Every structure is written in C-alpha cells, then in structure tokens.
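S.K.: Below you'll find the structure I mean.
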Amino acid sequence: MESNHKQTLPNGTAKAGTSDDSKNDNIQMVLAKMMEEKHTYTYKKLVVPPSMRSIYWKFFGFPATDDGEILTKVKIVCILCKTQIAYNRNTSNLRMHLQNKHAQELMELESSSLSSARQVMPQDTKERKIQKKLLKAGVSPTKYIYTTNADGTVQIDGDIQFVTDPNISLSNMEDDITIGQPLRVMIKGGSAINGNSQNVAFLMSEDNMTSQSVDVKSVSDAIAEFLIIDLELPEIVEGRGFQRLVATLRSPCEIPSKNKLEEEIIPRIYNNFRESVASSLSCVASELALTLEEWRSNNGENFITVSVYYQNTGHATLECKILSTLHAPSDWDEPQWKSRIDSMLLEWDLEVEKITAVVVSTSRPELIAALTNCGFTVVPCLLHTLQICAQDCFKHPDVSQTLSKCRSVIGTIISHPNALETLNMQAQLSEEESTICLDYPAIWISTYTMLEQMIARRNIIPSILEGIEGIDQSMFEITNEQWKIMEDIVNVLTPFKVTIMTLSEEKMPLISLLKPLLWQLVSSHLKVKESDSDTAKTFKESLSDKLYEQYADFTVTLLLQIATTLDPRFKAMPYVTEEDKNIVSTPIKEMLTKLIQEESGDITIKAENEEIPSKKARVSGMEFLLGSLCTTKAGMSAEEKADLEVVQYQSEPTAPLDCCPLQWWSKVSAKCPNLAKLVSRYHCVPACCAPPSRIPPEVQIQYDTKRAILPPSLIDKLLFLHGNHTMQM
C-alpha cells in the first residue's frame with residue numbers, strides 16, 4: 001500500500017508513509033534513531049527562514065548547503081563567533097548568548113530596532129500570514145530573510161530528545177513552522193543529582209513566544225514562592241519528579257535553574273522583603289520584644305534565629321517578623337556575642353531602651369550573659385524549658401534503657417509489613433486512632449507520644465512479635481518494670497503536654513501566661529501524691545525544681561508578675577500573697593505616673609534648676625467681685641490619675657480565659673488610656689520563641705527537619721522569607 005504522508009529523516013529528506021495514525025510513531029522512531037546516532041553536517045551557509053522574524057536572528061542562522069537547503073534545525077550557529085546553540089523554538093537563548101558574549105552588538109541591535117518597532121509590526125504580521133498560506137498551498141515563499149556565507153561543521157551527538165504532546169498532530173517536524181502548541185523537550189545529560197537527572201523545559205513556537213515571554217518572570221517567582229512557603233531546597237527544580245509534575249501542566253513556561261534561584265531570584269525577593277520589614281519596624285512607636293531560637297543543622301553547626309514582636313498602634317494583634325539567622329560557633333565567648341548582638345541591633349536600627357525583654361530558646365551562658373550586659377531582661381522560652389525538663393527525665397538510666405527497647409520493638413514491627421498490618425488492624429478494633437511510630441528525639445513530645453502508643457498497645461505487641469520469624473524474642477522483651485516506667489513518665493509529663501496544647505490554641509501566647517501556668521504546674525500537677533511510685537516522686541520533684549530554677553531571677557519574676565497583673569484574665573491573682581501584690585503594685589504605679597507626666601508635660605518632670613518665668617496675671621472684674629465666693633479646684637495630679645486608672649481597671653469584670661487580652665485592652669483603652677499604653681510594653685512579649693502555628697508536635701518536627709537541611713549559604717535568606725512571606729512586596 002502506498003503511503004500518503006511525510007516522515008522527516010535526520011538528513012532532512014522525506015519518504016512516504018501509510019496513515020496519520022502511524023505518523024507520530026514514525027517520527028518517534030526517527031527521533032529514537034537520532035538519540036542513538038551521531039550526525040555531522042558540513043555547512044556552507046547560515047540561513048534564517050522568513051518565519052523567524054525576531055531581531056535576534058540577525059546574528060544567527062541554521063546550517064545550510066551551498067544551495068541554501070537547511071541541513072538541520074537541531075542547532076543554530078552564531079555568525080559572530082561560530083558558537084553552536086541548541087535551537088529551542090524560541091529566542092531566549094539567542095538573546096542570552098548575545099548578552100553574555102556580544103553585549104555591544106546586542107545593545108546596538110535593540111537600540112536600532114526600538115524606534116521602528118511599531119511600524120514594522122503590522123507588516124511583519126501580514127507577511128507571516130502570507131508565508132503560512134503559501135506553505136499550506138504548497139507554494140515556496142521567499143526562501144530566507146538572512147543568508148550568510150560561512151563554512152563549518154555541526155555535530156549532533158544524539159543528546160536531544162523531543163517528546164511531543166499527544167494532543168498535537170504533527171506533520172513534517174523540521175519544516176513545520178505553524179505549530180501553535182508547545183513542544184515538551186527533555187535534554188538528556190544536563191546538570192544532575194547523582195548523574196541521573198534530566199532537565200525539562202517547556203518550549204514554544206515563535207508565534208507564541210512574544211505573548212508568553214512576559215510570563216517567564218512570574219513563573220520563576222511562583223516557583224521561588226513555592227520554595228519559600230514550603231521551605232524547600234532550590235535543587236528540587238532539578239529533580240525528575242518536580243520536572244515531570246510541571247510537564248503535566250502543559251503550560252508554556254521555563255523552569256529556572258538552581259543557580260538562578262540561588263544567585264538571582266531568591267536574593268532579589270529577599271532584598272525586597274527586607275526593605276519592607278525595615279520600613280515596617282521604622283514606623284513602630286511602641287515597645288518591642290526579641291526572641292532568639294537556637295537550633296542545629298544537619299552539618300553539625302548551630303544557628304540562632306532572631307525575631308521581633310510588636311503591636312501596631314490601633315491594632316489588637318501582635319506582629320512577628322524574623323530578622324536574621326546567625327551562625328552560632330560553639331567557641332564564642334561573651335565579648336564576641338555582645339559584638340554580634342550590637343551589630344545586629346545597629347543593622348535593624350533597634351534601640352535597647354525600646355526592647356522590653358528577650359525570650360531565649362538557648363542554654364548558652366555566654367550568650368545569655370552578653371544579652372544581660374547589653375541591658376536586656378532575658379526570659380527563658382517556655383517550650384525550651386519544657387524540652388529541658390523532659391529531656392532530663394529521658395536521660396535517667398532506667399528511662400533511657402526503656403526508650404531504647406521501645407525503639408527496637410517499633411522499628412522491628414515497622415520493618416515487617418505483615419506485622420505492622422496486624423498491629424494496625426488490632427489497634428483499630430481497640431479504637432486506637434493514631435498509628436504507632438518512632439519518635440523524633442530532638443522534640444520531647446514525640447517521645448512522649450511514642451510511649452503513649454506503646455502503653456495503649458501493651459496487650460497486642462507481645463503477640464505481634466511472636467508472629468515475626470527469624471528474630472531473637474529475648475532481645476525485644478519488655479519487662480513489667482519497664483512498662484511501669486513508661487506509665488510513670490507519661491503520667492508525670494501529661495501536664496506538660498496539656499501546656500503545649502494550651503499554647504498552640506492561643507492566638508498569640510503572651511508572657512502573661514507564664515506565671516499562672518508555672519504556678520499551676522508546681523502547686524498542683526507536679527505535687528507529690530502518696531499514691532505515686534518512687535520513680536514518679538523523683539521525677540515530679542526534679543521537674544518542680546527545674547521550673548523554679550529557670551525563672552528564679554528577680555528581674556524575670558517581676559516582669560512576669562507585672563505582665564500577669566495587667567492581663568485581664570488573671571488580674572485577681574488568687575495564687576499571689578498580699579505581700580507579692582504590694583511588691584508588684586508599686587512599680588506599676590510608678591511607671592504609670594511617669595508615663596502620665598510625660599504625656600501631659602507636667603511641670604514637675606522639668607529639671608529642678610530650670611527657672612520658669614512668672615508674670616502676674618491680670619485679675620478680671622468678675623474675679624475681683626465674686627472670686628471669694630467661688631474657689632477653682634486644681635487639676636488632678638499624675639499620681640491621682642494613675643490611682644484612678646488602676647481602680648478603673650480593677651473594677652472591670654475579669655475576662656474569660658479564652659479572651660484575647662490585646663482585644664480586651666483595645667476596647668477598654670478609652671477608660672484607661674495611660675494604663676493601656678503601659679500594658680503594650682508587656683503584651684508585646686511572647687511566652688515562647690515559636691509562633692502558635694509551629695507549636696503542634698507534628699508541625700515542630702516537619703519544620704525542624706526542613707530547616708536542618710538548608711545549606712548555610714541560604715539559611716538566612718530562606719528562613720527570613722519563609723517567616724515573613726505573608727508581607728506584601
């Protein structure tokens with residue numbers, strides 16, 4: 001049977017085929033052959049077909065014979081330097097080559113074409129339509145718009161593979177210039193991870209390039225935003241899975257390279273966001289708070305992420321912005337840390353006097369001493385404190401041995417699919433919702449959860465292990481004493497778990513929560529009971545001592561008590577003695593009186609040696625006649641106004657526990673305007689370094705693992721952008 005279609009061969013010739021259905025198959029066979037073979041073309045000319053109307057084609061051409069027949073469209077040649085470039089059915093790489101190698105020629109070309117662009121465009125559009133009509137009619141149009149005599153060779157190494165869209169009906173591939181859909185092109189042997197990756201790029205025809213090129217920046221920014229929001233590494237764009245995912249979208253776009261993301265796109269977005277954060281901070285009139293969170297990366301180095309908290313005037317919310325992530329060498333002493341802190345404050349134009357407190361998630365004595373010597377009140381992060389307390393329990397020899405046994409049991413069950421399936425099935429019958437899993441030791445609550453899951457499956461696990469062949473059962477046997485230790489640890493640490501849940505449910509956990517929570521933990525939940533085992537008693541006493549030790553500093557205690565007193569949920573202070581109430585009421589009244597004096601410009605706050613000119617006032621006739629009958633009452637003093645506002649605050653009903661203190665004060669500020677300003681000094685301090693969205697254990701683990709794999713060169717920028725990504729650029 002005779003064929004009625006053309007099949008493009010590597011040398012540009014065509015032969016007959018059988019049907020449209022087999023056309024693409026034949027093309028794929030030809031392309032497969034191209035992948036396996038190397039082809040060398042000797043050219044005499046470089047030519048540009050009339051369909052290629054971009055100005056950049058002036059310096060490029062396709063290899064052609066002496067008669068002007070194009071030998072291949074796989075590669076193009078630069079007329080200026082004879083460099084060979086892969087033809088991607090667009091002009092982006094043409095301009096890039098000119099920009100990198102021939103900047104002067106590019107500038108002259110674009111300058112000369114700019115003035116005549118509007119006049120040329122309608123004619124170009126008309127000519128392109130004529131060219132297409134002539135092609136469809138089988139008539140040969142004007143052959144080439146550019147022809148350059150040049151000698152050389154082009155070698156096609158079989159490293160380019162065209163993967164066509166199945167929805168596109170292709171005719172002669174190399175001669176078809178009217179194709180309106182993008183071709184997906186896979187370039188083998190590109191930059192790779194472990195040498196296996198392939199680069200995928202969406203390429204489009206000349207017709208689509210003009211309208212779509214404007215979207216390249218937005219696509220790159222969208223991919224950068226994906227990396228920022230999900231805290232992914234830039235090399236993900238080189239992964240085959242990511243590239244195949246983008247390929248399924250079938251939208252014409254260009255995936256930016258890892259280097260472009262790291263060296264151009266991410267730094268540009270970082271600089272824009274940094275300016276926005278700096279601008280926001282410069283407008284803050286109220287006091288600020290800082291948090292310092294220490295963490296360890298996978299390369300073994302420690303880092304400290306610094307954040308700032310503040311309340312905008314007229315807004316009943318607490319704003320948080322990440323400022324910097326600093327490398328924290330283990331051998332730094334106090335002077336080095338002080339110098340680094342001073343540098344950071346200067347960099348962000350922050351004044352020590354405006355910073356109420358610094359909440360720290362670190363135990364480094366040198367850093368804490370440096371902060372104290374800078375004049376800061378240093379408050380331990382509550383989450384960090386709970387982590388330290390729980391880890392102390394886990395380090396106990398008996399507990400440590402029990403944890404190792406639990407991990408061995410869980411690891412063995414997980415590695416045997418049948419055993420895991422049986423365990424999950426029996427757990428479902430017991431109405432256990434969560435599945436058993438190994439802990440993430442760096443976050444104590446995951447270890448607590450692992451122990452909870454083990455205790456809930458105590459009756460199931462022995463039979464599951466017995467069903468696993470080829471293991472030494474004695475290695476996985478858990479003794480009654482070890483089960484008892486698990487139960488004691490879970491019971492003792494349950495209040496800590498509830499504390500974490502409480503913090504995560506707050507819109508913003510403030511420092512005013514610390515005193516009530518700590519008091520409740522020590523006086524109630526960690527109080528030793530007669531029914532407690534010796535192990536439980538030891539743990540409770542140890543945890544109580546640790547909590548007290550963390551917040552024993554008098555400056556910290558006073559700060560916590562003032563913040564709690566000014567929180568409408570806890571103003572009654574049922575857990576505080578009268579002596580403690582008097583201790584905290586005095587500084588509150590003094591600060592409030594000083595604030596009122598400053599706001600009103602009271603004469604008493606002027607320097608004692610500053611003389612005030614006096615002038616005898618003229619007495620009016622009314623005063624002369626009736627002055628003795630009507631006495632004028634002097635204005636209230638600052639102390640009286642302070643007392644009045646405190647009494648007004650105390651007379652207000654106590655707010656419910658689920659009430660946001662910032663919103664409460666926003667509504668009451670008209671009654672106690674000066675006290676409300678004083679409150680803002682203390683209600684800008686968070687109870688912990690992590691925001692509420694990052695407190696749940698599963699979120700903590702996910703964030704911790706993603707943060708740990710970031711390369712040092714990107715840590716500061718990516719964490720800054722990730723933490724502040726909700727800001728408008």
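Letters A, B, ... go to the chains of the structure tokens in the order shown; residues in each chain start at 1; ligands are counted from 1 in the same order.
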Within 9 Å of Ile265 in chain A, counting only C-alpha atoms, which residues qualify if same-chain residues fewer than 3 places away don't, as a list of chain:residue names?
M.R.: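 Answer for this query is A:Ser220, A:Asp221, A:Ala224, A:Pro256, A:Lys260, A:Leu261, A:Glu262, A:Arg268, A:Ile269, A:Tyr270.
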S.K.: Within 10 Å of Ser307 in chain A, counting only C-alpha atoms, which residues qualify if same-chain residues fewer than 4 places away don't, as a short mmCIF file (atom, residue, chain, number, x, y, z; two decimals) with N, CA, C and O atoms, in the first residue's frame?
M.R.:
data_model
loop_
_atom_site.label_atom_id
_atom_site.label_comp_id
_atom_site.auth_asym_id
_atom_site.auth_seq_id
_atom_site.Cartn_x
_atom_site.Cartn_y
_atom_site.Cartn_z
N ALA A 289 9.76 43.32 71.46
CA ALA A 289 10.37 42.17 72.14
C ALA A 289 11.13 41.37 71.11
O ALA A 289 10.75 41.32 69.94
N LEU A 290 12.22 40.76 71.54
CA LEU A 290 13.01 39.91 70.65
C LEU A 290 12.94 38.46 71.13
O LEU A 290 12.74 38.20 72.31
N THR A 291 13.08 37.53 70.20
CA THR A 291 13.23 36.12 70.54
C THR A 291 14.47 35.59 69.85
O THR A 291 14.76 35.96 68.71
N LEU A 292 15.20 34.73 70.55
CA LEU A 292 16.39 34.08 70.00
C LEU A 292 16.21 32.58 70.12
O LEU A 292 16.15 32.05 71.24
N GLU A 293 16.12 31.91 69.00
CA GLU A 293 15.90 30.46 68.99
C GLU A 293 17.13 29.75 68.42
O GLU A 293 17.49 29.95 67.26
N CYS A 320 4.78 39.63 64.16
CA CYS A 320 6.05 38.92 64.31
C CYS A 320 6.80 38.95 62.99
O CYS A 320 6.23 38.65 61.94
N LYS A 321 8.06 39.31 63.04
CA LYS A 321 8.90 39.31 61.85
C LYS A 321 10.23 38.66 62.19
O LYS A 321 10.85 38.98 63.21
N ILE A 322 10.67 37.74 61.35
CA ILE A 322 12.01 37.18 61.50
C ILE A 322 13.01 38.20 60.97
O ILE A 322 12.83 38.74 59.87
N LEU A 323 14.07 38.46 61.73
CA LEU A 323 15.07 39.44 61.32
C LEU A 323 16.30 38.79 60.68
O LEU A 323 16.66 39.10 59.56
N SER A 324 16.93 37.90 61.41
CA SER A 324 18.19 37.32 60.93
C SER A 324 18.36 35.92 61.51
O SER A 324 17.80 35.60 62.56
N THR A 325 19.15 35.12 60.81
CA THR A 325 19.60 33.84 61.34
C THR A 325 21.11 33.87 61.37
O THR A 325 21.77 33.99 60.33
N VAL A 358 13.92 39.92 76.07
CA VAL A 358 14.38 38.99 75.04
C VAL A 358 14.05 37.58 75.53
O VAL A 358 14.51 37.16 76.60
N VAL A 359 13.24 36.87 74.76
CA VAL A 359 12.88 35.49 75.09
C VAL A 359 13.86 34.57 74.38
O VAL A 359 14.04 34.68 73.15
N CYS A 689 9.42 31.19 71.78
CA CYS A 689 10.03 31.69 70.54
C CYS A 689 9.22 31.29 69.30
O CYS A 689 9.20 32.02 68.32
N ALA A 690 8.59 30.13 69.34
CA ALA A 690 7.84 29.66 68.17
C ALA A 690 6.46 30.29 68.14
O ALA A 690 5.81 30.43 69.18
N PHE A 720 14.23 33.84 56.59
CA PHE A 720 13.66 35.19 56.63
C PHE A 720 12.42 35.27 55.74
O PHE A 720 11.36 35.76 56.14
N GLY A 723 9.48 33.02 57.06
CA GLY A 723 8.80 33.57 58.22
C GLY A 723 8.00 34.82 57.91
O GLY A 723 7.02 35.12 58.59
#
S.K.: With only C-alpha atoms as the counted atoms, please give the residues lying no more than 7 Å from Lys540 in chain A, apart from itself and same-chain residues fewer than 6 positions off, as a ChimeraX atom specification.
M.R.: /A:492,526-528
S.K.: Could you list, with a cut-off of 12 Å and counting only C-alpha atoms, the residues of range 622-714 of chain A near range 225-247 of chain A, each shown with its nearest atom pair and the distance in Å rounded to one decimal, rows sorted by chain and ascending number, as a tab-separated table?
M.R.:
residue	atom	partner	partner_atom	distance
A:Gln702	CA	A:Leu231	CA	10.1
A:Tyr703	CA	A:Leu231	CA	8.3
A:Asp704	CA	A:Leu231	CA	10.7
A:Thr705	CA	A:Leu231	CA	10.3
A:Lys706	CA	A:Leu231	CA	6.6
A:Arg707	CA	A:Leu231	CA	7.4
A:Ala708	CA	A:Leu231	CA	10.6
A:Ile709	CA	A:Leu233	CA	8.3
A:Leu710	CA	A:Leu233	CA	6.8
A:Pro711	CA	A:Leu233	CA	8.3
A:Pro712	CA	A:Leu233	CA	11.7
A:Ser713	CA	A:Leu233	CA	11.5
A:Leu714	CA	A:Leu233	CA	9.0
S.K.: Please list as a list in words every residue within 9 Å of range 638-641 of chain A, counting only C-alpha atoms and excluding residues in the same chain fewer than 5 positions away.
M.R.: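 Final neighbour list, sorted by chain and number: Lys589, Glu590, Leu592, Thr593, Lys594, Leu595, Ile596, Gln597, Ser600, Asp602 and Val646 of chain A.
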S.K.: Point out the residue among A:Gln482, A:Gln311, A:Asn298, A:Thr555 with the least atom-to-atom distance to Ala285 in chain A, counting only C-alpha atoms.
M.R.: A:Gln311
S.K.: Skip Ser415 in chain A itself and residues of its chain fewer than 4 positions away, then list as a PDB file with all heavy atoms, in the first residue's frame all residues within 12 Å of it, counting only C-alpha atoms.
M.R.:
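The resulting file, selection37.pdb, is shown below:
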ATOM      1  N   SER A 408      13.488  -0.237  69.486  1.00  0.00           N
ATOM      2  CA  SER A 408      13.827  -1.507  68.830  1.00  0.00           C
ATOM      3  C   SER A 408      12.567  -2.274  68.448  1.00  0.00           C
ATOM      4  O   SER A 408      12.462  -2.823  67.345  1.00  0.00           O
ATOM      5  CB  SER A 408      14.699  -2.360  69.762  1.00  0.00           C
ATOM      6  OG  SER A 408      15.916  -1.723  70.042  1.00  0.00           O
ATOM      7  N   VAL A 409      11.602  -2.309  69.372  1.00  0.00           N
ATOM      8  CA  VAL A 409      10.351  -3.028  69.117  1.00  0.00           C
ATOM      9  C   VAL A 409       9.596  -2.390  67.950  1.00  0.00           C
ATOM     10  O   VAL A 409       9.156  -3.074  67.017  1.00  0.00           O
ATOM     11  CB  VAL A 409       9.474  -3.043  70.388  1.00  0.00           C
ATOM     12  CG1 VAL A 409       8.067  -3.546  70.063  1.00  0.00           C
ATOM     13  CG2 VAL A 409      10.111  -3.914  71.461  1.00  0.00           C
ATOM     14  N   ILE A 410       9.442  -1.071  67.994  1.00  0.00           N
ATOM     15  CA  ILE A 410       8.692  -0.384  66.940  1.00  0.00           C
ATOM     16  C   ILE A 410       9.402  -0.515  65.598  1.00  0.00           C
ATOM     17  O   ILE A 410       8.766  -0.764  64.562  1.00  0.00           O
ATOM     18  CB  ILE A 410       8.498   1.101  67.300  1.00  0.00           C
ATOM     19  CG1 ILE A 410       7.616   1.223  68.543  1.00  0.00           C
ATOM     20  CG2 ILE A 410       7.863   1.866  66.141  1.00  0.00           C
ATOM     21  CD1 ILE A 410       7.493   2.634  69.076  1.00  0.00           C
ATOM     22  N   GLY A 411      10.740  -0.355  65.598  1.00  0.00           N
ATOM     23  CA  GLY A 411      11.495  -0.487  64.355  1.00  0.00           C
ATOM     24  C   GLY A 411      11.352  -1.861  63.737  1.00  0.00           C
ATOM     25  O   GLY A 411      11.238  -1.996  62.508  1.00  0.00           O
ATOM     26  N   ALA A 419       3.468  -7.744  60.061  1.00  0.00           N
ATOM     27  CA  ALA A 419       3.346  -7.460  61.489  1.00  0.00           C
ATOM     28  C   ALA A 419       2.711  -6.088  61.711  1.00  0.00           C
ATOM     29  O   ALA A 419       1.840  -5.917  62.575  1.00  0.00           O
ATOM     30  CB  ALA A 419       4.714  -7.524  62.158  1.00  0.00           C
ATOM     31  N   LEU A 420       3.129  -5.107  60.917  1.00  0.00           N
ATOM     32  CA  LEU A 420       2.569  -3.765  61.051  1.00  0.00           C
ATOM     33  C   LEU A 420       1.084  -3.749  60.692  1.00  0.00           C
ATOM     34  O   LEU A 420       0.275  -3.103  61.367  1.00  0.00           O
ATOM     35  CB  LEU A 420       3.336  -2.788  60.155  1.00  0.00           C
ATOM     36  CG  LEU A 420       2.872  -1.328  60.196  1.00  0.00           C
ATOM     37  CD1 LEU A 420       3.004  -0.765  61.604  1.00  0.00           C
ATOM     38  CD2 LEU A 420       3.671  -0.488  59.209  1.00  0.00           C
ATOM     39  N   GLU A 421       0.726  -4.477  59.636  1.00  0.00           N
ATOM     40  CA  GLU A 421      -0.683  -4.528  59.237  1.00  0.00           C
ATOM     41  C   GLU A 421      -1.537  -5.163  60.327  1.00  0.00           C
ATOM     42  O   GLU A 421      -2.637  -4.690  60.637  1.00  0.00           O
ATOM     43  CB  GLU A 421      -0.810  -5.312  57.928  1.00  0.00           C
ATOM     44  CG  GLU A 421      -2.230  -5.363  57.385  1.00  0.00           C
ATOM     45  CD  GLU A 421      -2.318  -6.135  56.081  1.00  0.00           C
ATOM     46  OE1 GLU A 421      -1.266  -6.586  55.578  1.00  0.00           O
ATOM     47  OE2 GLU A 421      -3.447  -6.304  55.572  1.00  0.00           O
ATOM     48  N   CYS A 437       4.517   4.893  65.888  1.00  0.00           N
ATOM     49  CA  CYS A 437       5.636   5.370  65.084  1.00  0.00           C
ATOM     50  C   CYS A 437       6.810   5.716  65.997  1.00  0.00           C
ATOM     51  O   CYS A 437       6.649   5.931  67.207  1.00  0.00           O
ATOM     52  CB  CYS A 437       5.241   6.587  64.255  1.00  0.00           C
ATOM     53  SG  CYS A 437       4.638   7.977  65.227  1.00  0.00           S
ATOM     54  N   LEU A 438       7.994   5.744  65.396  1.00  0.00           N
ATOM     55  CA  LEU A 438       9.195   6.105  66.144  1.00  0.00           C
ATOM     56  C   LEU A 438       9.183   7.592  66.495  1.00  0.00           C
ATOM     57  O   LEU A 438       8.550   8.399  65.817  1.00  0.00           O
ATOM     58  CB  LEU A 438      10.440   5.774  65.314  1.00  0.00           C
ATOM     59  CG  LEU A 438      10.768   4.285  65.167  1.00  0.00           C
ATOM     60  CD1 LEU A 438      11.845   4.088  64.113  1.00  0.00           C
ATOM     61  CD2 LEU A 438      11.217   3.695  66.500  1.00  0.00           C
ATOM     62  N   LEU A 465       5.064  -9.622  68.067  1.00  0.00           N
ATOM     63  CA  LEU A 465       6.476 -10.003  67.990  1.00  0.00           C
ATOM     64  C   LEU A 465       6.643 -11.510  67.846  1.00  0.00           C
ATOM     65  O   LEU A 465       7.537 -11.989  67.129  1.00  0.00           O
ATOM     66  CB  LEU A 465       7.222  -9.511  69.236  1.00  0.00           C
ATOM     67  CG  LEU A 465       7.394  -7.978  69.365  1.00  0.00           C
ATOM     68  CD1 LEU A 465       7.977  -7.625  70.731  1.00  0.00           C
ATOM     69  CD2 LEU A 465       8.307  -7.454  68.257  1.00  0.00           C
ATOM     70  N   ILE A 468       6.590 -12.824  64.302  1.00  0.00           N
ATOM     71  CA  ILE A 468       7.672 -12.465  63.379  1.00  0.00           C
ATOM     72  C   ILE A 468       8.752 -13.538  63.444  1.00  0.00           C
ATOM     73  O   ILE A 468       9.347 -13.779  64.500  1.00  0.00           O
ATOM     74  CB  ILE A 468       8.270 -11.085  63.730  1.00  0.00           C
ATOM     75  CG1 ILE A 468       7.185 -10.008  63.670  1.00  0.00           C
ATOM     76  CG2 ILE A 468       9.410 -10.733  62.770  1.00  0.00           C
ATOM     77  CD1 ILE A 468       7.682  -8.627  64.089  1.00  0.00           C
TER      78      ILE A 468
END
S.K.: Rounded to one decimal place, report the CA of His416 in chain A-CA of Ile436 in chain A distance in Å.
M.R.: 13.6 Å
S.K.: If we count only C-alpha atoms and set the cut-off at 6 Å, which residues sit around range 47-59 of chain A, ignoring sequence neighbours fewer than 3 positions away in its own chain? Please answer as a list in words.
M.R.: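 Listed by chain and then number, they are Phe62, Cys78, Ile79, Tyr144, Ile145, Tyr146 and Thr147 of chain A.
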